[in-house]
file start.pdb (PDB, C-alpha atoms, pLDDT in the B column)
ATOM      1  CA  MET N   6       2.889  13.658   6.788  1.00 83.00           C
ATOM      2  CA  ASN N   7       6.419  12.544   5.858  1.00 92.00           C
ATOM      3  CA  ILE N   8       6.922   8.822   6.432  1.00 97.00           C
ATOM      4  CA  LEU N   9      10.642   8.836   5.593  1.00 97.00           C
ATOM      5  CA  GLU N  10      13.262  11.565   5.631  1.00 97.00           C
ATOM      6  CA  LEU N  11      16.968  11.634   4.831  1.00 97.00           C
ATOM      7  CA  LYS N  12      19.006  14.591   6.056  1.00 97.00           C
ATOM      8  CA  GLU N  13      22.460  15.278   4.577  1.00 96.00           C
ATOM      9  CA  VAL N  14      23.295  11.573   4.247  1.00 97.00           C
ATOM     10  CA  THR N  15      26.738  10.670   2.895  1.00 96.00           C
ATOM     11  CA  LYS N  16      28.297   7.268   2.143  1.00 96.00           C
ATOM     12  CA  ASN N  17      31.840   6.718   0.849  1.00 93.00           C
ATOM     13  CA  PHE N  18      33.469   3.708  -0.749  1.00 91.00           C
ATOM     14  CA  ASP N  19      37.284   3.906  -0.872  1.00 85.00           C
ATOM     15  CA  GLY N  20      37.133   7.680  -0.883  1.00 81.00           C
ATOM     16  CA  ILE N  21      34.433   7.838  -3.571  1.00 85.00           C
ATOM     17  CA  LYS N  22      31.120   9.356  -2.524  1.00 88.00           C
ATOM     18  CA  ALA N  23      28.384   6.914  -3.537  1.00 93.00           C
ATOM     19  CA  VAL N  24      25.839   9.156  -1.804  1.00 95.00           C
ATOM     20  CA  ASP N  25      26.783  12.785  -1.290  1.00 93.00           C
ATOM     21  CA  ASN N  26      25.007  14.940   1.296  1.00 95.00           C
ATOM     22  CA  LEU N  27      21.630  13.600   0.195  1.00 96.00           C
ATOM     23  CA  SER N  28      18.403  15.032   1.601  1.00 97.00           C
ATOM     24  CA  PHE N  29      14.819  14.223   0.644  1.00 97.00           C
ATOM     25  CA  PHE N  30      11.517  13.060   2.135  1.00 96.00           C
ATOM     26  CA  LEU N  31       8.696  10.745   1.153  1.00 97.00           C
ATOM     27  CA  LYS N  32       5.077  11.673   1.747  1.00 96.00           C
ATOM     28  CA  GLU N  33       2.938   9.003   3.353  1.00 96.00           C
ATOM     29  CA  GLY N  34       0.583   7.319   0.897  1.00 95.00           C
ATOM     30  CA  SER N  35       2.604   8.282  -2.185  1.00 96.00           C
ATOM     31  CA  ILE N  36       4.536   6.522  -4.943  1.00 97.00           C
ATOM     32  CA  THR N  37       8.027   7.957  -5.367  1.00 97.00           C
ATOM     33  CA  SER N  38      10.518   6.720  -7.951  1.00 96.00           C
ATOM     34  CA  LEU N  39      14.292   7.047  -7.765  1.00 96.00           C
ATOM     35  CA  ILE N  40      15.907   6.974 -11.198  1.00 93.00           C
ATOM     36  CA  GLY N  41      19.384   7.478 -12.588  1.00 90.00           C
ATOM     37  CA  PRO N  42      22.152   5.777 -14.570  1.00 87.00           C
ATOM     38  CA  ASN N  43      23.980   2.678 -13.357  1.00 86.00           C
ATOM     39  CA  GLY N  44      26.322   3.582 -10.512  1.00 86.00           C
ATOM     40  CA  ALA N  45      24.308   6.659  -9.553  1.00 89.00           C
ATOM     41  CA  GLY N  46      23.907   5.417  -5.959  1.00 92.00           C
ATOM     42  CA  LYS N  47      20.277   4.270  -6.063  1.00 94.00           C
ATOM     43  CA  THR N  48      20.727   0.861  -4.442  1.00 94.00           C
ATOM     44  CA  THR N  49      23.112   2.423  -1.919  1.00 96.00           C
ATOM     45  CA  VAL N  50      20.234   4.672  -0.824  1.00 97.00           C
ATOM     46  CA  PHE N  51      18.061   1.595  -0.176  1.00 97.00           C
ATOM     47  CA  ASN N  52      20.943  -0.073   1.673  1.00 96.00           C
ATOM     48  CA  LEU N  53      21.327   2.987   3.883  1.00 97.00           C
ATOM     49  CA  ILE N  54      17.614   3.166   4.700  1.00 97.00           C
ATOM     50  CA  THR N  55      17.570  -0.510   5.734  1.00 96.00           C
ATOM     51  CA  ASN N  56      21.023  -0.246   7.387  1.00 94.00           C
ATOM     52  CA  TYR N  57      22.731  -2.816   5.221  1.00 93.00           C
ATOM     53  CA  LEU N  58      25.123   0.128   5.075  1.00 94.00           C
ATOM     54  CA  THR N  59      25.726   2.857   7.675  1.00 93.00           C
ATOM     55  CA  PRO N  60      26.287   6.460   6.565  1.00 95.00           C
ATOM     56  CA  GLU N  61      29.421   8.364   7.496  1.00 94.00           C
ATOM     57  CA  LYS N  62      27.312  11.459   7.924  1.00 94.00           C
ATOM     58  CA  GLY N  63      23.658  12.421   8.160  1.00 96.00           C
ATOM     59  CA  SER N  64      20.441  11.070   9.657  1.00 97.00           C
ATOM     60  CA  ILE N  65      17.528   8.914   8.518  1.00 97.00           C
ATOM     61  CA  TYR N  66      14.055   9.144  10.061  1.00 97.00           C
ATOM     62  CA  TYR N  67      11.049   6.845   9.767  1.00 97.00           C
ATOM     63  CA  GLN N  68       7.718   8.227  10.980  1.00 95.00           C
ATOM     64  CA  GLY N  69       9.644  10.896  12.857  1.00 94.00           C
ATOM     65  CA  GLU N  70      11.930   8.455  14.689  1.00 96.00           C
ATOM     66  CA  GLU N  71      15.628   8.335  13.866  1.00 96.00           C
ATOM     67  CA  ILE N  72      16.647   4.912  12.560  1.00 96.00           C
ATOM     68  CA  THR N  73      20.230   5.739  11.519  1.00 95.00           C
ATOM     69  CA  GLY N  74      22.384   2.763  12.489  1.00 89.00           C
ATOM     70  CA  SER N  75      19.454   0.669  13.760  1.00 93.00           C
ATOM     71  CA  LEU N  76      19.720  -3.067  13.203  1.00 93.00           C
ATOM     72  CA  PRO N  77      18.141  -4.233   9.921  1.00 92.00           C
ATOM     73  CA  HIS N  78      15.668  -6.562  11.647  1.00 90.00           C
ATOM     74  CA  ARG N  79      14.483  -3.721  13.899  1.00 93.00           C
ATOM     75  CA  ILE N  80      13.937  -1.507  10.860  1.00 94.00           C
ATOM     76  CA  ALA N  81      11.952  -4.304   9.217  1.00 92.00           C
ATOM     77  CA  ASN N  82       9.855  -4.784  12.359  1.00 90.00           C
ATOM     78  CA  MET N  83       9.096  -1.061  12.392  1.00 93.00           C
ATOM     79  CA  GLY N  84       7.368  -1.436   9.021  1.00 93.00           C
ATOM     80  CA  ILE N  85       9.949  -0.975   6.258  1.00 95.00           C
ATOM     81  CA  GLY N  86       9.919  -3.830   3.758  1.00 94.00           C
ATOM     82  CA  ARG N  87      12.250  -4.357   0.824  1.00 94.00           C
ATOM     83  CA  LEU N  88      11.858  -6.168  -2.479  1.00 92.00           C
ATOM     84  CA  PHE N  89      15.319  -6.946  -3.836  1.00 88.00           C
ATOM     85  CA  GLN N  90      16.211  -6.788  -7.501  1.00 83.00           C
ATOM     86  CA  ASP N  91      17.212 -10.459  -7.433  1.00 82.00           C
ATOM     87  CA  VAL N  92      14.222 -12.563  -6.481  1.00 83.00           C
ATOM     88  CA  ARG N  93      14.615 -14.127  -3.044  1.00 84.00           C
ATOM     89  CA  VAL N  94      12.155 -16.948  -2.421  1.00 90.00           C
ATOM     90  CA  PHE N  95      12.380 -20.355  -0.767  1.00 92.00           C
ATOM     91  CA  ASN N  96      12.471 -22.545  -3.853  1.00 93.00           C
ATOM     92  CA  LYS N  97      11.493 -25.783  -2.105  1.00 93.00           C
ATOM     93  CA  LEU N  98       8.515 -24.274  -0.288  1.00 94.00           C
ATOM     94  CA  THR N  99       5.101 -23.730  -1.830  1.00 95.00           C
ATOM     95  CA  ALA N 100       3.853 -20.253  -2.604  1.00 95.00           C
ATOM     96  CA  LEU N 101       1.628 -20.313   0.482  1.00 93.00           C
ATOM     97  CA  GLU N 102       4.451 -21.546   2.712  1.00 92.00           C
ATOM     98  CA  ASN N 103       6.684 -18.746   1.429  1.00 93.00           C
ATOM     99  CA  VAL N 104       4.128 -16.168   2.535  1.00 93.00           C
ATOM    100  CA  PHE N 105       3.333 -17.998   5.766  1.00 87.00           C
ATOM    101  CA  VAL N 106       6.929 -17.852   7.063  1.00 86.00           C
ATOM    102  CA  ALA N 107       7.029 -14.075   6.549  1.00 83.00           C
ATOM    103  CA  ILE N 108       4.209 -13.404   9.011  1.00 83.00           C
ATOM    104  CA  LYS N 109       5.482 -11.868  12.257  1.00 65.00           C
ATOM    105  CA  LYS N 110       3.233 -13.680  14.738  1.00 56.00           C
ATOM    106  CA  ASN N 111       4.162 -17.307  14.170  1.00 53.00           C
ATOM    107  CA  CYS N 112       4.000 -18.797  17.655  1.00 50.00           C
ATOM    108  CA  GLY N 113       4.195 -22.332  16.251  1.00 49.00           C
ATOM    109  CA  GLU N 114       7.905 -21.766  15.647  1.00 49.00           C
ATOM    110  CA  ASN N 115       8.495 -22.123  19.397  1.00 49.00           C
ATOM    111  CA  PRO N 116       8.303 -25.852  20.341  1.00 50.00           C
ATOM    112  CA  PHE N 117       7.492 -25.106  23.989  1.00 46.00           C
ATOM    113  CA  THR N 118       4.605 -22.843  23.005  1.00 49.00           C
ATOM    114  CA  SER N 119       3.352 -25.521  20.604  1.00 46.00           C
ATOM    115  CA  LEU N 120       3.344 -28.155  23.334  1.00 46.00           C
ATOM    116  CA  LEU N 121       1.932 -26.075  26.177  1.00 47.00           C
ATOM    117  CA  PHE N 122      -0.530 -23.879  24.301  1.00 49.00           C
ATOM    118  CA  HIS N 123      -1.735 -26.109  21.489  1.00 55.00           C
ATOM    119  CA  ARG N 124      -5.107 -24.406  21.057  1.00 66.00           C
ATOM    120  CA  ARG N 125      -3.574 -20.941  20.989  1.00 64.00           C
ATOM    121  CA  VAL N 126      -1.042 -22.054  18.396  1.00 61.00           C
ATOM    122  CA  ALA N 127      -3.723 -23.707  16.250  1.00 67.00           C
ATOM    123  CA  LYS N 128      -5.854 -20.564  16.354  1.00 75.00           C
ATOM    124  CA  GLN N 129      -2.897 -18.342  15.440  1.00 65.00           C
ATOM    125  CA  GLU N 130      -1.890 -20.636  12.586  1.00 76.00           C
ATOM    126  CA  GLU N 131      -5.428 -20.565  11.252  1.00 78.00           C
ATOM    127  CA  LYS N 132      -5.331 -16.771  11.335  1.00 82.00           C
ATOM    128  CA  ASN N 133      -1.929 -16.727   9.634  1.00 83.00           C
ATOM    129  CA  MET N 134      -3.175 -19.073   6.941  1.00 84.00           C
ATOM    130  CA  ALA N 135      -5.968 -16.618   6.177  1.00 88.00           C
ATOM    131  CA  ILE N 136      -3.425 -13.779   5.965  1.00 89.00           C
ATOM    132  CA  GLY N 137      -1.258 -15.787   3.576  1.00 90.00           C
ATOM    133  CA  LEU N 138      -4.193 -16.648   1.338  1.00 94.00           C
ATOM    134  CA  LYS N 139      -5.357 -13.028   1.370  1.00 93.00           C
ATOM    135  CA  TRP N 140      -2.087 -11.685   0.009  1.00 94.00           C
ATOM    136  CA  LEU N 141      -1.639 -14.503  -2.495  1.00 96.00           C
ATOM    137  CA  GLU N 142      -5.069 -13.624  -3.826  1.00 95.00           C
ATOM    138  CA  PHE N 143      -4.148  -9.922  -3.842  1.00 94.00           C
ATOM    139  CA  VAL N 144      -1.172 -10.534  -6.140  1.00 94.00           C
ATOM    140  CA  GLY N 145      -3.100 -13.043  -8.249  1.00 94.00           C
ATOM    141  CA  LEU N 146      -1.366 -16.234  -7.135  1.00 96.00           C
ATOM    142  CA  SER N 147      -4.117 -17.954  -5.133  1.00 94.00           C
ATOM    143  CA  GLU N 148      -4.354 -20.736  -7.733  1.00 95.00           C
ATOM    144  CA  LYS N 149      -0.599 -21.323  -7.299  1.00 95.00           C
ATOM    145  CA  LYS N 150      -0.723 -21.682  -3.516  1.00 94.00           C
ATOM    146  CA  GLU N 151       0.428 -25.323  -3.581  1.00 95.00           C
ATOM    147  CA  THR N 152       3.027 -24.769  -6.316  1.00 96.00           C
ATOM    148  CA  LEU N 153       6.692 -24.844  -5.369  1.00 97.00           C
ATOM    149  CA  ALA N 154       8.299 -21.426  -5.729  1.00 95.00           C
ATOM    150  CA  GLU N 155      10.932 -22.846  -8.086  1.00 95.00           C
ATOM    151  CA  ASP N 156       8.158 -23.856 -10.499  1.00 96.00           C
ATOM    152  CA  LEU N 157       6.769 -20.330 -10.772  1.00 95.00           C
ATOM    153  CA  SER N 158       7.787 -17.996 -13.582  1.00 91.00           C
ATOM    154  CA  TYR N 159      10.215 -15.181 -12.812  1.00 90.00           C
ATOM    155  CA  GLY N 160       7.368 -12.664 -12.847  1.00 90.00           C
ATOM    156  CA  GLN N 161       5.285 -14.839 -10.529  1.00 93.00           C
ATOM    157  CA  GLN N 162       8.241 -15.129  -8.151  1.00 93.00           C
ATOM    158  CA  LYS N 163       8.383 -11.331  -8.020  1.00 92.00           C
ATOM    159  CA  LEU N 164       4.680 -11.283  -7.174  1.00 93.00           C
ATOM    160  CA  LEU N 165       5.311 -13.896  -4.482  1.00 95.00           C
ATOM    161  CA  SER N 166       8.081 -11.763  -2.993  1.00 93.00           C
ATOM    162  CA  LEU N 167       5.669  -8.837  -2.907  1.00 92.00           C
ATOM    163  CA  ALA N 168       3.031 -10.956  -1.155  1.00 93.00           C
ATOM    164  CA  ARG N 169       5.608 -11.859   1.495  1.00 91.00           C
ATOM    165  CA  LEU N 170       6.329  -8.179   2.169  1.00 90.00           C
ATOM    166  CA  LEU N 171       2.632  -7.479   2.552  1.00 91.00           C
ATOM    167  CA  ALA N 172       2.129 -10.440   4.884  1.00 90.00           C
ATOM    168  CA  ASN N 173       4.834  -8.948   7.104  1.00 86.00           C
ATOM    169  CA  ASP N 174       2.663  -5.817   7.340  1.00 86.00           C
ATOM    170  CA  ALA N 175       5.290  -3.459   5.895  1.00 90.00           C
ATOM    171  CA  ARG N 176       3.924   0.084   5.566  1.00 93.00           C
ATOM    172  CA  LEU N 177       6.808   1.500   3.523  1.00 97.00           C
ATOM    173  CA  LEU N 178       7.802  -0.709   0.593  1.00 97.00           C
ATOM    174  CA  LEU N 179      11.207  -0.290  -1.042  1.00 97.00           C
ATOM    175  CA  LEU N 180      10.920  -1.929  -4.462  1.00 96.00           C
ATOM    176  CA  ASP N 181      14.217  -2.393  -6.314  1.00 94.00           C
ATOM    177  CA  GLU N 182      13.434  -2.750 -10.034  1.00 93.00           C
ATOM    178  CA  PRO N 183      10.113  -4.581  -9.511  1.00 93.00           C
ATOM    179  CA  ILE N 184       9.413  -4.941 -13.240  1.00 92.00           C
ATOM    180  CA  SER N 185      12.863  -5.695 -14.640  1.00 88.00           C
ATOM    181  CA  GLY N 186      13.216  -8.843 -16.726  1.00 85.00           C
ATOM    182  CA  ILE N 187       9.532  -9.727 -16.888  1.00 87.00           C
ATOM    183  CA  HIS N 188       6.941 -10.015 -19.646  1.00 85.00           C
ATOM    184  CA  PRO N 189       5.195  -6.763 -20.709  1.00 86.00           C
ATOM    185  CA  GLU N 190       1.796  -8.144 -19.649  1.00 84.00           C
ATOM    186  CA  MET N 191       3.174  -8.825 -16.176  1.00 88.00           C
ATOM    187  CA  ILE N 192       4.536  -5.261 -16.033  1.00 91.00           C
ATOM    188  CA  GLU N 193       1.022  -3.834 -16.314  1.00 91.00           C
ATOM    189  CA  ARG N 194      -0.177  -6.234 -13.654  1.00 90.00           C
ATOM    190  CA  ILE N 195       2.530  -5.204 -11.188  1.00 92.00           C
ATOM    191  CA  LEU N 196       2.022  -1.486 -11.849  1.00 94.00           C
ATOM    192  CA  SER N 197      -1.682  -1.942 -11.167  1.00 93.00           C
ATOM    193  CA  LEU N 198      -0.897  -3.701  -7.883  1.00 94.00           C
ATOM    194  CA  ILE N 199       1.453  -0.896  -6.848  1.00 95.00           C
ATOM    195  CA  LYS N 200      -1.328   1.645  -7.347  1.00 94.00           C
ATOM    196  CA  ARG N 201      -3.726  -0.525  -5.329  1.00 94.00           C
ATOM    197  CA  LEU N 202      -1.225  -0.767  -2.493  1.00 94.00           C
ATOM    198  CA  VAL N 203      -1.428   2.987  -1.973  1.00 94.00           C
ATOM    199  CA  GLN N 204      -5.176   2.582  -1.575  1.00 91.00           C
ATOM    200  CA  GLU N 205      -4.381  -0.080   1.056  1.00 86.00           C
ATOM    201  CA  GLY N 206      -2.466   2.555   3.045  1.00 91.00           C
ATOM    202  CA  ARG N 207       1.065   1.714   1.921  1.00 95.00           C
ATOM    203  CA  THR N 208       3.810   4.089   0.786  1.00 97.00           C
ATOM    204  CA  ILE N 209       5.929   3.007  -2.182  1.00 97.00           C
ATOM    205  CA  PHE N 210       9.548   3.892  -2.978  1.00 98.00           C
ATOM    206  CA  ILE N 211      10.766   2.471  -6.297  1.00 97.00           C
ATOM    207  CA  ILE N 212      14.099   2.129  -8.063  1.00 96.00           C
ATOM    208  CA  GLU N 213      13.380   1.546 -11.740  1.00 92.00           C
ATOM    209  CA  HIS N 214      15.053   1.934 -15.148  1.00 88.00           C
ATOM    210  CA  ASN N 215      11.838   1.689 -17.154  1.00 89.00           C
ATOM    211  CA  ILE N 216      11.143   5.414 -17.555  1.00 88.00           C
ATOM    212  CA  GLY N 217       7.786   4.851 -19.214  1.00 88.00           C
ATOM    213  CA  ALA N 218       6.581   2.821 -16.233  1.00 91.00           C
ATOM    214  CA  VAL N 219       8.028   5.352 -13.781  1.00 91.00           C
ATOM    215  CA  LEU N 220       6.176   8.232 -15.413  1.00 91.00           C
ATOM    216  CA  LYS N 221       2.983   6.189 -15.502  1.00 92.00           C
ATOM    217  CA  VAL N 222       2.845   5.107 -11.867  1.00 95.00           C
ATOM    218  CA  SER N 223       4.694   7.749  -9.822  1.00 96.00           C
ATOM    219  CA  ASP N 224       3.442  10.733  -7.864  1.00 96.00           C
ATOM    220  CA  TRP N 225       6.970  12.115  -7.575  1.00 96.00           C
ATOM    221  CA  VAL N 226      10.246  11.331  -9.353  1.00 95.00           C
ATOM    222  CA  MET N 227      13.821  11.965  -8.198  1.00 95.00           C
ATOM    223  CA  LEU N 228      16.883  11.795 -10.458  1.00 93.00           C
ATOM    224  CA  LEU N 229      20.137  10.714  -8.843  1.00 93.00           C
ATOM    225  CA  ASP N 230      23.551  11.079 -10.482  1.00 90.00           C
ATOM    226  CA  GLY N 231      26.911  10.533  -8.812  1.00 89.00           C
ATOM    227  CA  GLY N 232      25.190  10.248  -5.465  1.00 92.00           C
ATOM    228  CA  ASN N 233      23.604  13.689  -5.859  1.00 93.00           C
ATOM    229  CA  LEU N 234      19.958  14.577  -6.296  1.00 93.00           C
ATOM    230  CA  VAL N 235      20.128  16.550  -9.536  1.00 91.00           C
ATOM    231  CA  ALA N 236      16.413  16.877 -10.330  1.00 90.00           C
ATOM    232  CA  SER N 237      13.022  16.099  -8.806  1.00 93.00           C
ATOM    233  CA  GLY N 238       9.423  16.849  -9.596  1.00 93.00           C
ATOM    234  CA  LEU N 239       6.113  15.609 -10.899  1.00 95.00           C
ATOM    235  CA  PRO N 240       6.326  13.004 -13.702  1.00 92.00           C
ATOM    236  CA  SER N 241       5.187  15.617 -16.234  1.00 90.00           C
ATOM    237  CA  GLU N 242       7.963  17.960 -15.071  1.00 90.00           C
ATOM    238  CA  ILE N 243      10.695  15.340 -15.020  1.00 88.00           C
ATOM    239  CA  LYS N 244       9.724  14.166 -18.492  1.00 83.00           C
ATOM    240  CA  GLN N 245      10.652  17.600 -19.848  1.00 84.00           C
ATOM    241  CA  ASP N 246      13.693  18.130 -17.625  1.00 78.00           C
ATOM    242  CA  GLN N 247      16.872  18.779 -19.588  1.00 76.00           C
ATOM    243  CA  THR N 248      18.997  17.276 -16.813  1.00 73.00           C
ATOM    244  CA  LEU N 249      17.165  13.979 -17.256  1.00 72.00           C
ATOM    245  CA  ARG N 250      17.895  14.028 -20.972  1.00 70.00           C
ATOM    246  CA  GLU N 251      21.574  14.806 -20.435  1.00 73.00           C
ATOM    247  CA  VAL N 252      22.312  12.553 -17.470  1.00 65.00           C
ATOM    248  CA  TYR N 253      19.982   9.606 -17.961  1.00 59.00           C
ATOM    249  CA  LEU N 254      19.263   9.491 -21.655  1.00 56.00           C
ATOM    250  CA  GLY N 255      22.529  11.002 -22.879  1.00 56.00           C
ATOM    251  CA  VAL N 256      20.883  13.485 -25.270  1.00 49.00           C
TER     252      VAL N 256
END

call {"tool": "encode", "arguments": {"input": "start.pdb", "output": "C-alpha cells"}}
result
Amino acid sequence: MNILELKEVTKNFDGIKAVDNLSFFLKEGSITSLIGPNGAGKTTVFNLITNYLTPEKGSIYYQGEEITGSLPHRIANMGIGRLFQDVRVFNKLTALENVFVAIKKNCGENPFTSLLFHRRVAKQEEKNMAIGLKWLEFVGLSEKKETLAEDLSYGQQKLLSLARLLANDARLLLLDEPISGIHPEMIERILSLIKRLVQEGRTIFIIEHNIGAVLKVSDWVMLLDGGNLVASGLPSEIKQDQTLREVYLGV
C-alpha cells in the first residue's frame, strides 16, 4: 500500500521552479531517502507535504486522502510528523517534559477539565507519563529524563526530537538530515533506531547528504536535481548510477 503520493507537483519561487512536475509514491513500512545537491528542492518537497508551502500545480495524497492545501496542524494530526534539520526543543524543559507536551491527549491543559474532572485528568496524565518514558527509553534517553534539553548534546537533542514525534503517534516520519553534525557513534545509533521504527509500523522519508548512511539504511533512494526526479532505485542500483556521479558527486 502507498502511504504517500505526489502527482505532478510544481512549486515556483520568483519564476524559478524549485519543484517541477514531481511525481512519486512511498510504500508503507519502507525507508525512502531523498538525495541531491544543495538547492535541488529537497526541503521544498517536505514543506509541500506538510503544507508549509502550497503547490501551484499537482496533488498530494496521504493514505489515499488528498491533503493538498490542508492546514499544517491537520496534516500533523493525520499522522505525518517532521524532524527539522535545525533541532527544535524546549531548552528550559526537561527531556521528559519535552516529550510530554507533544502527546495529543493532554486534557490537563484545559483548566476547566482539570477542576471538574480531576480523576480523569490524573489518570490521563499518568498514561501520558508512561508514553513519554516509553519513547525516551526507545531512543536511549531514559537516564536523561530530568535533564534540561539545553544541557543535552546536539545528538541527544536530535534523539529527543525524534522521541517527541513518536509520542505524537506519527505514522509517516519526515526526517530532514537526521544525522548531520553529530558524532559518528551517534550516527550508527540513529540509523539503528530508524530501522527499528519500521518494525514498529512507521514509514520513514529521509533527506540526507551522507550517501554512505543513505545506502546503508534505505529501501529505496530518489535523486532530485533542479526540482526534477532524475534517478531512483534500490541502493545498489543508485550506487552505480551515472547520473548520481554526475549530478551529486560531480564525477

call {"tool": "atom_distance", "arguments": {"input": "start.pdb", "atom1": "atom CA of N:Lys150", "atom2": "atom CA of N:Ala172"}}
result
14.3 Å

call {"tool": "closest_residue", "arguments": {"input": "start.pdb", "among": "N:Trp140, N:Phe95, N:Phe89, N:Phe29", "to": "N:Glu205", "atoms": "all atoms listed in the file"}}
result
N:Trp140

call {"tool": "closest_residue", "arguments": {"input": "start.pdb", "among": "N:Glu61, N:Glu155, N:Glu33, N:Glu130", "to": "N:Arg93", "atoms": "all atoms listed in the file"}}
result
N:Glu155

call {"tool": "resolve_selection", "arguments": {"input": "start.pdb", "expression": "the PyMOL selection byres ((chain N and resi 223) around 10)", "output": "list in words"}}
result
Ser35, Ile36, Thr37, Ser38, Leu39, Leu196, Ile199, Lys200, Ile209, Phe210, Ile211, Ala218, Val219, Leu220, Lys221, Val222, Asp224, Trp225, Val226, Leu239 and Pro240 of chain N

call {"tool": "atom_distance", "arguments": {"input": "start.pdb", "atom1": "atom CA of N:Leu249", "atom2": "atom CA of N:Thr208"}}
result
24.5 Å

call {"tool": "resolve_selection", "arguments": {"input": "start.pdb", "expression": "the PyMOL selection byres ((chain N and resi 44) around 10)", "output": "list in words"}}
result
Ala23, Gly41, Pro42, Asn43, Ala45, Gly46, Lys47, Thr48, Thr49, Leu229, Asp230, Gly231 and Gly232 of chain N

call {"tool": "atom_distance", "arguments": {"input": "start.pdb", "atom1": "atom CA of N:Asn233", "atom2": "atom CA of N:Glu10"}}
result
15.6 Å

call {"tool": "residues_near_point", "arguments": {"input": "start.pdb", "point": "(9.4, -5.0, 4.6)", "cutoff": "12 Å", "atoms": "all atoms listed in the file", "output": "PyMOL selection string"}}
result
chain N and resi 51+54-55+77-89+107-109+166-180+207-210

call {"tool": "closest_residue", "arguments": {"input": "start.pdb", "among": "N:Leu58, N:Ile136, N:Ile40, N:Ile21", "to": "N:His214", "atoms": "all atoms listed in the file"}}
result
N:Ile40

call {"tool": "residues_around", "arguments": {"input": "start.pdb", "residues": "N:Leu9", "least_positions_apart": "3", "cutoff": "7 Å", "atoms": "all atoms listed in the file", "output": "list in words"}}
result
Phe30, Leu31, Tyr66, Tyr67 and Gln68 of chain N

call {"tool": "residues_around", "arguments": {"input": "start.pdb", "residues": "N:Ser28", "least_positions_apart": "2", "cutoff": "9 Å", "atoms": "all atoms listed in the file", "output": "PyMOL selection string"}}
result
chain N and resi 10-14+26+30+63+234

call {"tool": "residues_around", "arguments": {"input": "start.pdb", "residues": "N:Val92", "least_positions_apart": "6", "cutoff": "8 Å", "atoms": "all atoms listed in the file", "output": "ChimeraX atom specification"}}
result
/N:159,162-163,166

call {"tool": "write_last_selection", "arguments": {"input": "start.pdb", "atoms": "C-alpha atoms", "output": "PDB file, keeping the file's coordinate frame"}}
result
ATOM      1  CA  TYR N 159      10.215 -15.181 -12.812  1.00 90.00           C
ATOM      2  CA  GLN N 162       8.241 -15.129  -8.151  1.00 93.00           C
ATOM      3  CA  LYS N 163       8.383 -11.331  -8.020  1.00 92.00           C
ATOM      4  CA  SER N 166       8.081 -11.763  -2.993  1.00 93.00           C
TER       5      SER N 166
END

call {"tool": "residues_around", "arguments": {"input": "start.pdb", "residues": "N:Leu153", "least_positions_apart": "5", "cutoff": "7 Å", "atoms": "only C-alpha atoms", "output": "list in words"}}
result
Asn96, Lys97, Leu98, Thr99 and Ala100 of chain N

call {"tool": "residues_around", "arguments": {"input": "start.pdb", "residues": "N:Lys32", "least_positions_apart": "3", "cutoff": "7 Å", "atoms": "all atoms listed in the file", "output": "PyMOL selection string"}}
result
chain N and resi 6-8+35

call {"tool": "closest_residue", "arguments": {"input": "start.pdb", "among": "N:Thr59, N:Thr73, N:Ile195, N:Lys128", "to": "N:Phe18", "atoms": "only C-alpha atoms"}}
result
N:Thr59
